[in-house]
$ cat data29.txt   # compact mmCIF, C-alpha atoms
# COMPACT_ATOMS: atom_id res chain seq x y z
CA MET G 1 5.47 -32.78 5.46
CA ARG G 2 6.09 -36.23 6.86
CA ALA G 3 3.24 -38.67 6.42
CA TYR G 4 1.13 -39.17 9.48
CA THR G 5 1.15 -42.66 10.94
CA PRO G 6 -1.11 -43.45 13.86
CA LYS G 7 0.79 -44.22 17.02
CA ASP G 8 -1.18 -47.07 18.57
CA ASP G 9 1.34 -48.01 21.17
CA VAL G 10 1.00 -44.83 23.17
CA GLN G 11 1.73 -46.56 26.51
CA LYS G 12 5.31 -47.17 25.54
CA LYS G 13 5.91 -43.59 24.48
CA PRO G 14 3.62 -41.40 26.51
CA TYR G 15 5.82 -38.39 25.87
CA TYR G 16 5.60 -38.64 22.12
CA THR G 17 4.36 -35.58 20.28
CA ASP G 18 4.19 -35.01 16.59
CA ARG G 19 6.91 -32.88 15.15
CA TYR G 20 4.51 -30.95 13.00
CA TRP G 21 0.92 -30.02 13.52
CA VAL G 22 -1.28 -32.45 11.68
CA ALA G 23 -4.68 -31.19 10.67
CA PRO G 24 -7.38 -33.30 12.26
CA GLN G 25 -9.84 -34.83 9.83
CA VAL G 26 -13.46 -34.00 10.36
CA ALA G 27 -15.54 -37.11 10.77
CA LYS G 28 -17.32 -38.38 7.67
CA SER G 29 -20.65 -40.12 7.74
CA ASP G 30 -22.51 -42.13 5.17
CA VAL G 31 -24.80 -40.51 2.62
CA SER G 32 -27.74 -42.67 3.72
CA GLU G 33 -27.90 -40.82 7.05
CA ASP G 34 -29.67 -37.87 5.44
CA ALA G 35 -32.82 -38.63 3.45
CA VAL G 36 -32.51 -35.60 1.13
CA PHE G 37 -28.88 -36.28 0.35
CA ALA G 38 -29.55 -39.97 -0.12
CA ALA G 39 -32.21 -39.24 -2.75
CA ASP G 40 -29.93 -36.76 -4.55
CA PHE G 41 -27.09 -39.21 -4.45
CA GLU G 42 -29.23 -41.95 -6.00
CA ALA G 43 -30.38 -39.60 -8.74
CA ILE G 44 -26.81 -38.70 -9.63
CA LYS G 45 -25.57 -42.23 -9.35
CA ALA G 46 -28.21 -43.46 -11.75
CA LYS G 47 -26.69 -41.43 -14.59
CA PHE G 48 -23.04 -40.85 -13.73
CA ASP G 49 -20.12 -42.63 -12.12
CA VAL G 50 -19.68 -41.54 -8.53
CA LEU G 51 -16.22 -42.31 -7.19
CA ASP G 52 -16.90 -41.37 -3.60
CA ALA G 53 -19.66 -39.76 -1.56
CA TYR G 54 -20.00 -38.85 2.10
CA ILE G 55 -21.46 -36.29 4.43
CA GLN G 56 -19.10 -33.95 6.22
CA VAL G 57 -20.15 -31.07 8.46
CA GLY G 58 -23.72 -31.35 7.24
CA GLN G 59 -22.79 -31.12 3.58
CA MET G 60 -22.68 -33.89 1.02
CA VAL G 61 -19.44 -34.29 -0.92
CA ILE G 62 -19.57 -36.16 -4.22
CA VAL G 63 -16.45 -37.09 -6.13
CA ILE G 64 -17.04 -37.63 -9.84
CA ASN G 65 -15.04 -38.04 -13.02
CA ALA G 66 -13.83 -34.75 -14.46
CA ALA G 67 -15.46 -35.49 -17.83
CA ASP G 68 -18.90 -35.62 -16.18
CA ASN G 69 -18.76 -32.23 -14.50
CA PHE G 70 -21.11 -30.41 -16.86
CA GLY G 71 -23.62 -33.26 -16.87
CA VAL G 72 -23.70 -33.63 -13.10
CA ILE G 73 -24.16 -29.93 -12.47
CA GLU G 74 -26.80 -29.70 -15.18
CA LEU G 75 -28.66 -32.55 -13.52
CA MET G 76 -28.35 -30.96 -10.11
CA LYS G 77 -29.57 -27.61 -11.38
CA ASN G 78 -32.49 -28.81 -13.50
CA GLU G 79 -33.75 -31.83 -11.62
CA LEU G 80 -32.44 -31.65 -8.06
CA ALA G 81 -33.14 -27.93 -7.44
CA TYR G 82 -29.58 -26.94 -6.64
CA ASN G 83 -30.11 -23.49 -8.06
CA GLN G 84 -26.99 -21.67 -6.96
CA LEU G 85 -23.32 -22.23 -7.61
CA SER G 86 -21.84 -20.38 -4.68
CA GLU G 87 -18.21 -21.17 -5.24
CA LEU G 88 -15.91 -22.80 -7.73
CA SER G 89 -12.16 -23.13 -7.64
CA ALA G 90 -9.25 -25.50 -7.68
CA ILE G 91 -6.89 -26.96 -5.07
CA ASP G 92 -3.29 -27.66 -5.92
CA TRP G 93 -2.43 -31.28 -5.16
CA LEU G 94 0.29 -31.41 -7.82
CA ALA G 95 3.03 -32.30 -5.35
CA GLN G 96 1.07 -35.11 -3.71
CA GLU G 97 -0.88 -36.62 -6.61
CA GLY G 98 0.06 -34.63 -9.69
CA LYS G 99 -3.50 -33.39 -9.93
CA PHE G 100 -5.74 -30.41 -9.40
CA GLU G 101 -8.91 -30.91 -7.41
CA ILE G 102 -11.74 -28.80 -8.75
CA PHE G 103 -14.75 -28.23 -6.55
CA TYR G 104 -18.19 -26.81 -7.21
CA GLN G 105 -20.08 -25.67 -4.13
CA MET G 106 -23.82 -25.96 -4.82
CA LEU G 107 -26.68 -24.58 -2.78
CA SER G 108 -30.33 -25.51 -2.96
CA MET G 109 -32.54 -22.72 -1.66
CA SER G 110 -35.66 -24.87 -1.52
CA LYS G 111 -34.04 -27.88 0.15
CA ARG G 112 -31.72 -25.74 2.28
CA LYS G 113 -28.85 -28.10 1.53
CA ARG G 114 -25.33 -27.68 0.25
CA VAL G 115 -23.49 -30.18 -1.90
CA ARG G 116 -19.85 -30.04 -2.96
CA VAL G 117 -19.02 -31.71 -6.26
CA LYS G 118 -15.38 -32.56 -6.66
CA CYS G 119 -13.33 -33.90 -9.52
CA LYS G 120 -9.66 -34.22 -10.27
CA ILE G 121 -7.70 -33.41 -13.39
CA SER G 122 -4.02 -33.64 -14.13
CA GLU G 123 -1.92 -30.56 -14.87
CA LYS G 124 -2.17 -30.78 -18.66
CA GLU G 125 -5.87 -31.62 -18.81
CA SER G 126 -8.62 -29.09 -19.25
CA ILE G 127 -12.15 -29.03 -17.91
CA GLN G 128 -15.55 -28.20 -19.32
CA SER G 129 -17.03 -24.82 -18.47
CA VAL G 130 -20.28 -24.63 -16.52
CA GLU G 131 -20.79 -20.99 -17.44
CA LYS G 132 -23.80 -21.95 -19.59
CA LEU G 133 -25.54 -23.19 -16.45
CA PHE G 134 -24.44 -20.63 -13.89
CA ARG G 135 -23.30 -17.12 -14.77
CA SER G 136 -21.33 -17.00 -11.54
CA ALA G 137 -18.98 -19.55 -13.03
CA ASP G 138 -17.77 -16.99 -15.56
CA TRP G 139 -15.45 -15.08 -13.26
CA SER G 140 -14.73 -18.05 -11.02
CA GLU G 141 -13.40 -20.02 -13.94
CA ARG G 142 -11.37 -17.09 -15.14
CA GLU G 143 -9.92 -16.75 -11.66
CA MET G 144 -9.18 -20.46 -11.57
CA TYR G 145 -7.30 -20.11 -14.85
CA ASP G 146 -5.52 -17.00 -13.62
CA MET G 147 -4.42 -18.44 -10.31
CA PHE G 148 -3.86 -22.12 -11.12
CA GLY G 149 -3.50 -22.34 -14.89
CA VAL G 150 -6.45 -24.71 -15.23
CA VAL G 151 -7.72 -24.24 -18.78
CA VAL G 152 -11.50 -24.25 -19.08
CA ASN G 153 -13.05 -25.32 -22.39
CA ASN G 154 -16.02 -23.55 -23.97
CA HIS G 155 -15.63 -20.53 -21.76
CA PRO G 156 -16.78 -17.34 -23.57
CA PHE G 157 -13.82 -15.21 -22.47
CA MET G 158 -10.93 -17.25 -21.17
CA LYS G 159 -8.56 -14.57 -20.01
CA ARG G 160 -6.77 -13.63 -16.82
CA ILE G 161 -8.98 -11.73 -14.42
CA LEU G 162 -6.77 -10.51 -11.56
CA MET G 163 -3.20 -10.52 -12.79
CA PRO G 164 -2.07 -8.49 -15.81
CA ASP G 165 -2.58 -10.13 -19.20
CA ASP G 166 1.15 -10.43 -19.81
CA TRP G 167 1.82 -12.12 -16.47
CA GLU G 168 3.82 -15.32 -16.42
CA GLY G 169 3.11 -18.08 -13.94
CA PHE G 170 0.15 -18.98 -11.82
CA PRO G 171 0.43 -17.44 -8.36
CA LEU G 172 -1.76 -19.75 -6.29
CA ARG G 173 0.13 -22.90 -7.19
CA LYS G 174 2.10 -24.30 -4.29
CA THR G 175 5.30 -24.09 -6.32
CA TYR G 176 4.92 -20.33 -6.85
CA PRO G 177 7.04 -18.36 -4.38
CA LEU G 178 5.11 -15.92 -2.19
CA GLN G 179 7.41 -13.04 -3.03
CA GLY G 180 7.31 -13.85 -6.71
CA ASP G 181 9.63 -15.46 -9.19
CA GLU G 182 12.15 -13.45 -11.18
CA PHE G 183 9.54 -12.34 -13.68
CA ALA G 184 7.27 -11.04 -10.93
CA GLN G 185 10.03 -9.25 -9.04
CA TRP G 186 11.16 -7.30 -12.08
CA TYR G 187 7.74 -7.00 -13.71
CA GLU G 188 7.17 -3.26 -13.39
CA VAL G 189 10.79 -2.39 -14.12
CA ASP G 190 10.98 -4.56 -17.23
CA LYS G 191 7.67 -3.32 -18.51
CA LEU G 192 8.18 0.39 -17.97
CA PHE G 193 11.89 0.95 -18.38
CA GLY G 194 13.23 -2.20 -20.02
CA LYS G 195 15.57 -4.84 -18.74
CA GLU G 196 18.59 -2.53 -18.99
CA ALA G 197 17.15 -0.40 -16.15
CA ARG G 198 17.42 -3.30 -13.70
CA GLU G 199 20.90 -2.30 -12.62
CA ILE G 200 19.89 1.32 -12.06
CA ILE G 201 16.79 0.61 -10.06
CA GLY G 202 18.11 -2.40 -8.21
CA PRO G 203 16.36 -5.41 -6.73
CA GLU G 204 13.35 -5.11 -4.46
CA ILE G 205 14.06 -4.64 -0.78
CA ARG G 206 11.82 -7.20 0.86
CA ASP G 207 13.57 -7.75 4.17
CA SER G 208 11.28 -6.12 6.70
CA ALA G 209 13.98 -6.48 9.36
CA ARG G 210 16.01 -3.93 7.40
CA VAL G 211 14.15 -1.03 8.95
CA ASP G 212 16.60 0.70 11.24
CA ARG G 213 15.18 2.84 14.01
CA TYR G 214 18.33 4.95 14.12
CA ASP G 215 18.73 5.44 10.38
CA THR G 216 18.77 9.18 9.75
CA GLU G 217 19.97 8.90 6.17
CA ARG G 218 16.60 7.80 4.86
CA PHE G 219 14.14 8.49 7.67
CA ALA G 220 13.08 11.51 9.67
CA ARG G 221 10.79 11.29 12.67
CA LEU G 222 8.10 13.92 12.69
CA GLY G 223 8.70 16.28 15.58
CA HIS G 224 12.19 14.85 16.13
CA GLU G 225 13.96 15.91 12.98
CA VAL G 226 17.75 15.98 13.02
CA PRO G 227 20.30 16.77 10.31
CA ARG G 228 20.83 14.02 7.79
CA GLY G 229 23.16 11.32 9.01
CA ALA G 230 23.21 12.49 12.63
CA ASP G 231 23.73 9.87 15.32
CA ILE G 232 20.52 9.47 17.32
CA SER G 233 21.31 6.26 19.18
CA GLN G 234 21.40 8.30 22.41
CA GLY G 235 18.02 9.84 21.68
CA GLU G 236 17.03 12.79 19.59
CA PRO G 237 15.85 16.25 20.62
CA ASP G 238 12.29 17.41 20.18
CA THR G 239 11.96 19.80 17.28
CA PRO G 240 8.81 21.85 16.81
CA LEU G 241 6.88 21.18 13.64
CA CYS G 242 8.05 23.62 11.01
CA TYR G 243 5.07 24.85 9.06
CA GLN G 244 6.86 27.78 7.48
CA GLU G 245 10.29 29.21 6.99
CA ASN G 246 11.58 31.45 9.76
CA GLU G 247 11.45 34.60 7.64
CA GLY G 248 7.79 33.94 6.83
CA VAL G 249 5.91 33.88 3.58
CA PHE G 250 4.44 36.94 1.86
CA MET G 251 0.78 37.52 2.73
CA ILE G 252 0.55 34.30 4.72
CA GLU G 253 0.21 34.48 8.43
CA LYS G 254 2.75 32.50 10.34
CA PHE G 255 1.38 29.81 12.55
CA ASP G 256 1.99 30.56 16.20
CA ALA G 257 1.72 27.54 18.45
CA GLU G 258 1.29 29.81 21.48
CA LYS G 259 -1.83 31.36 20.05
CA SER G 260 -3.36 28.15 18.76
CA VAL G 261 -6.38 26.74 20.53
CA VAL G 262 -7.13 23.11 21.06
CA ILE G 263 -10.82 22.46 20.62
CA SER G 264 -11.98 20.43 23.57
CA ASP G 265 -15.45 19.82 22.21
CA ARG G 266 -14.91 17.31 19.41
CA ASP G 267 -18.49 17.63 18.19
CA ARG G 268 -18.34 21.35 17.73
CA MET J 1 17.21 70.28 -0.89
CA ALA J 2 14.68 68.02 0.70
CA GLN J 3 13.84 68.62 4.31
CA HIS J 4 13.89 64.95 5.00
CA GLN J 5 15.48 62.00 3.34
CA VAL J 6 13.17 59.48 1.73
CA ASN J 7 14.37 55.91 1.57
CA TYR J 8 12.59 54.75 -1.50
CA LEU J 9 13.47 51.14 -0.93
CA LYS J 10 11.85 50.94 2.50
CA ASP J 11 8.15 50.70 3.39
CA GLY J 12 6.32 53.97 2.98
CA GLY J 13 8.52 55.03 0.13
CA LEU J 14 7.46 54.27 -3.36
CA PRO J 15 4.61 51.73 -3.59
CA VAL J 16 7.04 49.20 -4.89
CA ALA J 17 8.17 45.90 -3.47
CA LEU J 18 11.43 44.54 -4.73
CA THR J 19 11.78 40.84 -5.08
CA THR J 20 13.07 38.25 -7.48
CA ILE J 21 11.17 36.45 -10.18
CA ASP J 22 12.05 33.18 -8.51
CA LYS J 23 10.40 34.23 -5.29
CA VAL J 24 7.23 35.46 -6.95
CA VAL J 25 6.85 32.37 -9.07
CA ASN J 26 7.61 30.04 -6.22
CA TRP J 27 5.27 31.91 -3.93
CA GLY J 28 2.50 31.39 -6.43
CA ARG J 29 3.38 27.79 -7.07
CA SER J 30 3.72 26.82 -3.46
CA ASN J 31 0.36 28.29 -2.53
CA SER J 32 -1.61 26.71 -5.33
CA ILE J 33 -0.57 23.09 -5.33
CA TRP J 34 -3.31 21.27 -7.13
CA ALA J 35 -3.22 17.59 -6.35
CA LEU J 36 -4.28 14.67 -8.48
CA THR J 37 -6.79 12.47 -6.73
CA TYR J 38 -4.92 9.25 -6.38
CA GLY J 39 -6.51 7.17 -3.66
CA LEU J 40 -5.44 3.59 -4.22
CA ALA J 41 -6.44 2.07 -0.90
CA CYS J 42 -7.33 3.01 2.66
CA CYS J 43 -4.91 5.96 2.67
CA GLY J 44 -7.23 7.43 0.08
CA ILE J 45 -9.89 7.80 2.75
CA GLU J 46 -7.51 9.86 4.87
CA MET J 47 -6.65 11.91 1.80
CA MET J 48 -10.35 12.59 1.21
CA ALA J 49 -10.74 13.57 4.86
CA SER J 50 -7.87 16.04 4.46
CA GLY J 51 -9.68 17.62 1.58
CA ALA J 52 -13.01 17.80 3.36
CA SER J 53 -14.27 20.55 5.61
CA ARG J 54 -12.83 19.55 8.99
CA TYR J 55 -9.23 19.57 7.82
CA ASP J 56 -9.80 21.76 4.78
CA PHE J 57 -6.98 21.49 2.28
CA ASP J 58 -8.37 24.39 0.28
CA ARG J 59 -7.01 26.94 2.75
CA PHE J 60 -3.49 25.93 1.67
CA GLY J 61 -4.46 26.26 -1.97
CA THR J 62 -4.40 22.52 -2.41
CA ILE J 63 -7.37 21.56 -4.50
CA PHE J 64 -7.89 18.05 -5.75
CA ARG J 65 -8.23 17.70 -9.49
CA ALA J 66 -9.38 14.64 -11.36
CA SER J 67 -7.14 15.26 -14.34
CA PRO J 68 -3.36 14.89 -14.47
CA ARG J 69 -3.18 17.83 -16.91
CA GLN J 70 -4.43 20.19 -14.22
CA ALA J 71 -2.45 18.70 -11.35
CA GLU J 72 1.08 19.29 -10.18
CA LEU J 73 1.11 17.11 -7.10
CA MET J 74 0.45 13.41 -7.04
CA VAL J 75 -0.39 12.05 -3.60
CA VAL J 76 0.06 8.32 -4.02
CA ALA J 77 -2.29 7.17 -1.29
CA GLY J 78 -2.28 3.42 -0.96
CA THR J 79 -0.96 0.10 -2.18
CA LEU J 80 0.42 0.08 -5.69
CA THR J 81 -0.06 -3.26 -7.37
CA LYS J 82 2.17 -4.44 -10.19
CA LYS J 83 -0.78 -4.39 -12.54
CA HIS J 84 -1.34 -0.73 -11.77
CA ALA J 85 2.31 0.35 -12.03
CA GLU J 86 1.92 0.99 -15.74
CA PHE J 87 -0.96 3.40 -15.20
CA ILE J 88 0.63 5.38 -12.39
CA ARG J 89 3.63 5.97 -14.61
CA ARG J 90 1.40 7.03 -17.49
CA LEU J 91 -0.50 9.49 -15.29
CA TYR J 92 2.73 10.85 -13.88
CA ASP J 93 4.05 11.40 -17.40
CA GLN J 94 0.86 13.23 -18.34
CA MET J 95 1.25 15.74 -15.51
CA THR J 96 2.79 19.01 -16.65
CA GLU J 97 6.09 20.27 -15.28
CA PRO J 98 6.78 21.23 -12.57
CA LYS J 99 5.39 18.24 -10.70
CA TRP J 100 5.88 16.69 -7.31
CA VAL J 101 5.00 13.39 -5.71
CA ILE J 102 4.12 12.58 -2.11
CA SER J 103 4.26 8.90 -1.28
CA MET J 104 1.63 8.53 1.43
CA GLY J 105 1.69 5.65 3.87
CA SER J 106 3.73 2.50 4.36
CA CYS J 107 2.40 0.70 1.29
CA ALA J 108 3.39 3.45 -1.09
CA ASN J 109 6.74 3.92 0.67
CA THR J 110 7.97 0.35 0.80
CA GLY J 111 5.16 -2.01 -0.07
CA GLY J 112 4.27 -2.12 3.61
CA MET J 113 2.84 -5.33 4.90
CA PHE J 114 2.16 -6.58 1.37
CA ASN J 115 5.38 -8.47 0.94
CA THR J 116 3.92 -10.44 -1.94
CA TYR J 117 4.38 -11.11 -5.62
CA ALA J 118 1.69 -8.67 -6.72
CA THR J 119 2.73 -5.48 -4.91
CA VAL J 120 5.26 -2.91 -6.03
CA GLN J 121 7.74 -2.56 -3.17
CA GLY J 122 7.60 1.22 -3.00
CA VAL J 123 6.34 3.62 -5.66
CA ASP J 124 9.85 5.00 -6.02
CA ARG J 125 10.57 1.99 -8.19
CA VAL J 126 8.24 3.49 -10.76
CA ILE J 127 8.10 7.27 -10.27
CA PRO J 128 10.46 9.67 -8.47
CA VAL J 129 9.20 10.68 -5.02
CA ASP J 130 9.77 14.01 -3.28
CA LEU J 131 8.35 13.28 0.13
CA TYR J 132 7.80 10.03 1.97
CA LEU J 133 5.02 10.17 4.50
CA PRO J 134 5.13 7.42 7.13
CA GLY J 135 2.09 5.94 8.81
CA CYS J 136 -0.51 3.31 8.27
CA ALA J 137 -2.55 5.25 7.47
CA PRO J 138 -1.17 8.75 8.11
CA ARG J 139 -3.70 11.04 9.77
CA PRO J 140 -4.97 14.04 7.79
CA GLU J 141 -2.82 16.36 9.93
CA THR J 142 0.23 14.43 8.78
CA LEU J 143 -0.71 14.80 5.14
CA GLN J 144 -1.24 18.51 5.66
CA TYR J 145 2.16 18.78 7.29
CA ALA J 146 3.64 16.97 4.32
CA VAL J 147 2.06 19.47 1.94
CA LEU J 148 3.40 22.35 4.02
CA LEU J 149 6.86 20.78 3.93
CA LEU J 150 6.50 20.42 0.20
CA GLN J 151 5.61 24.11 -0.02
CA GLN J 152 8.85 24.92 1.76
CA LYS J 153 10.71 22.71 -0.65
CA ILE J 154 9.13 24.44 -3.64
CA ARG J 155 10.09 27.85 -2.28
CA ARG J 156 13.69 26.73 -1.96
CA GLU J 157 13.92 25.55 -5.53
CA SER J 158 14.84 27.68 -8.49
CA ALA J 159 11.74 28.55 -10.46
CA SER J 160 13.19 29.70 -13.74
CA ARG J 161 15.04 26.61 -14.72
CA ALA J 162 13.44 23.38 -15.73
CA GLN J 163 13.19 20.92 -12.89
CA LYS J 164 16.29 18.93 -12.30
CA PRO J 165 15.79 15.35 -13.43
CA LYS J 166 15.07 13.39 -10.30
CA ARG J 167 16.86 10.22 -9.55
CA LEU J 168 14.43 7.36 -9.66
CA MET J 169 15.71 5.53 -6.62
$ encode --input "data29.txt" --output "C-alpha cells"
Amino acid sequence: MRAYTPKDDVQKKPYYTDRYWVAPQVAKSDVSEDAVFAADFEAIKAKFDVLDAYIQVGQMVIVINAADNFGVIELMKNELAYNQLSELSAIDWLAQEGKFEIFYQMLSMSKRKRVRVKCKISEKESIQSVEKLFRSADWSEREMYDMFGVVVNNHPFMKRILMPDDWEGFPLRKTYPLQGDEFAQWYEVDKLFGKEAREIIGPEIRDSARVDRYDTERFARLGHEVPRGADISQGEPDTPLCYQENEGVFMIEKFDAEKSVVISDRDR
Amino acid sequence: MAQHQVNYLKDGGLPVALTTIDKVVNWGRSNSIWALTYGLACCGIEMMASGASRYDFDRFGTIFRASPRQAELMVVAGTLTKKHAEFIRRLYDQMTEPKWVISMGSCANTGGMFNTYATVQGVDRVIPVDLYLPGCAPRPETLQYAVLLLQQKIRRESASRAQKPKRLM
C-alpha cells in the first residue's frame, strides 16, 4: 500500500480522494490522564525501559523491550494486580519493519482496567515464555508458534497446536498465500498416496466460478434429473423423486405420493 | 390325469419363490445399511436429526454405528480439514467390504466456502465417493433421499463379485 501523506492543501484539489482506503488512527492520549494507569506506568518505568506508552480507547498500551517481557508481566501480575492474561499473539510486520509485534492483553479484575504490553522481535529472534505466570499462555504461545513461527523459550511443550505436526510454513504470516503454498495444496495427497499419485488425482479445483448451472455431467438437480450429459440450457423437466425402482422391492411397500399426507400441524 | 393344471412357478403353486442369489443378497444389503457416525461439522447436526425420531432413519434399516468395523456406509457430514484427511482415510480402510460413501454437503463435495489452505477441496481427493449430496446443509429429507438412492444403486450392483475398485477422482 502507498504511504499516506496528509493533503494539507485541500482547497486546490477539492476533488481529491485517496486511491485506497486508509485506516483512520484512533486518537491517543497521554498516560497521565488516568490516575490508575499513571501509577502503573510509573511502577513499570521504575524497573524497566519503556519505549512508548499511551492510552487508546480507554486502555493503556506500553511498548517495552522484548527481553523484559517476563519481568514486566511478572511485575504486573504480582504487584499491580493484573491477574488475567486474556490474550497473547503476534502481528506480522515483517514486510514493513522486518519484525513481529507481540502483544499481551492484561486485565485487572480489581482495578477494572486493561493494559496491552507490546514488544517487537525480529524474525530470527525468540521470546521468553510467560507460561509460568499465566497458564493461558500455554496454548496461546503454541498457537503463536504454529501460526507465525515465533519460537518461545522455556515453554513446556513447544509444538504446533492447530496445524498437523508435519506441516511446513506458518499460515498467518502475510507472505503465506490464502489458498496454500505447494506443500499445503498437495498435503493430503502426498501424505496418503505419495507424490506419484499427484498426476492421478490432479490439482485442487479452487475456482468457485467453475460451477456450471447447466453441467449435467457432474451434477443432477433433485427433482429435475435428466440423463447424463443432456442439454438443459432450455430448462429441464420436473421428475418425481424416485424412492424405489418401478418394479418395487420385495416386502417393502412402495411409496405412493398420492396417498401421502402432509402434516399441517408442525407440533403434532 | 389331473383335472386342472397347476403352474408350480406361479403364486399358489409350491411355496417357493424363485430368485437369484444376487437379488437376495442385495435386498438384504440395501435394507440394512449401517452408517458410520461421521459428523465433522454442522452437517453432522442434520445427520443426527435424520437419525432421530422425527425423520427416523431406522425404518430404512440405516442404523448409525460408532465403529468402522460394523459400518458399511460412511456419511461424510462436514468440512474435512487437511489435518483430518489421514484419519478419514484410515477409518475408510477399516470398514469392511462392501462399503459406500455419501459426501454430504458443499464442504465435503468441493470444500465449499472454505477456499483456504487448511481444507481438503472435496473428500473425493482422499476417499472414493458414491453419492454427492448438495446443500449447505442438506435437510434430513435430502439425506434420506440420498440413502434411498444408494439403496437403488446397491440393488443394481452385482453382489457375488468383489466390489469394483472405484476411481478416486
$ interface_residues --input "data29.txt" --of "chain J" --to "chain G" --cutoff "9 Å" --atoms "only C-alpha atoms" --output "PyMOL selection string"
chain J and resi 27+82-86+89+110-113+115-118+120-122+125-126+132+134+142+145+148-149+151-152+168-169
$ axis_aligned_box --input "data29.txt" --around "range 186-201 of chain G" --padding-each-side "3 Å" --output "lines of an AutoDock Vina configuration file"
center_x = 14.0
center_y = -3.0
center_z = -15.0
size_x = 19.7
size_y = 14.6
size_z = 16.0
$ residues_around --input "data29.txt" --residues "Glu157 in chain J" --least-positions-apart "3" --cutoff "9 Å" --atoms "all atoms listed in the file" --output "mmCIF file with C-alpha atoms, keeping the file's coordinate frame"
data_model
loop_
_atom_site.group_PDB
_atom_site.id
_atom_site.type_symbol
_atom_site.label_atom_id
_atom_site.label_comp_id
_atom_site.auth_asym_id
_atom_site.auth_seq_id
_atom_site.Cartn_x
_atom_site.Cartn_y
_atom_site.Cartn_z
ATOM 1 C CA ASP J 22 12.050 33.180 -8.510
ATOM 2 C CA ASN J 26 7.610 30.040 -6.220
ATOM 3 C CA GLN J 152 8.850 24.920 1.760
ATOM 4 C CA LYS J 153 10.710 22.710 -0.650
ATOM 5 C CA ILE J 154 9.130 24.440 -3.640
ATOM 6 C CA GLN J 163 13.190 20.920 -12.890
#
$ closest_residue --input "data29.txt" --among "J:Ala49, J:Leu73, J:Ala66, J:Leu131" --to "Ser32 in chain J" --atoms "only C-alpha atoms"
J:Leu73
$ residues_around --input "data29.txt" --residues "Glu258 in chain G" --least-positions-apart "4" --cutoff "12 Å" --atoms "all atoms listed in the file" --output "PDB file with C-alpha atoms, in the frame of the given file"
ATOM      1  CA  PRO G 240       8.810  21.850  16.810  1.00  0.00           C
ATOM      2  CA  LYS G 254       2.750  32.500  10.340  1.00  0.00           C
ATOM      3  CA  VAL G 262      -7.130  23.110  21.060  1.00  0.00           C
TER       4      VAL G 262
END
$ atom_distance --input "data29.txt" --atom1 "CA of Val63 in chain G" --atom2 "CA of Lys120 in chain G"
8.5 Å
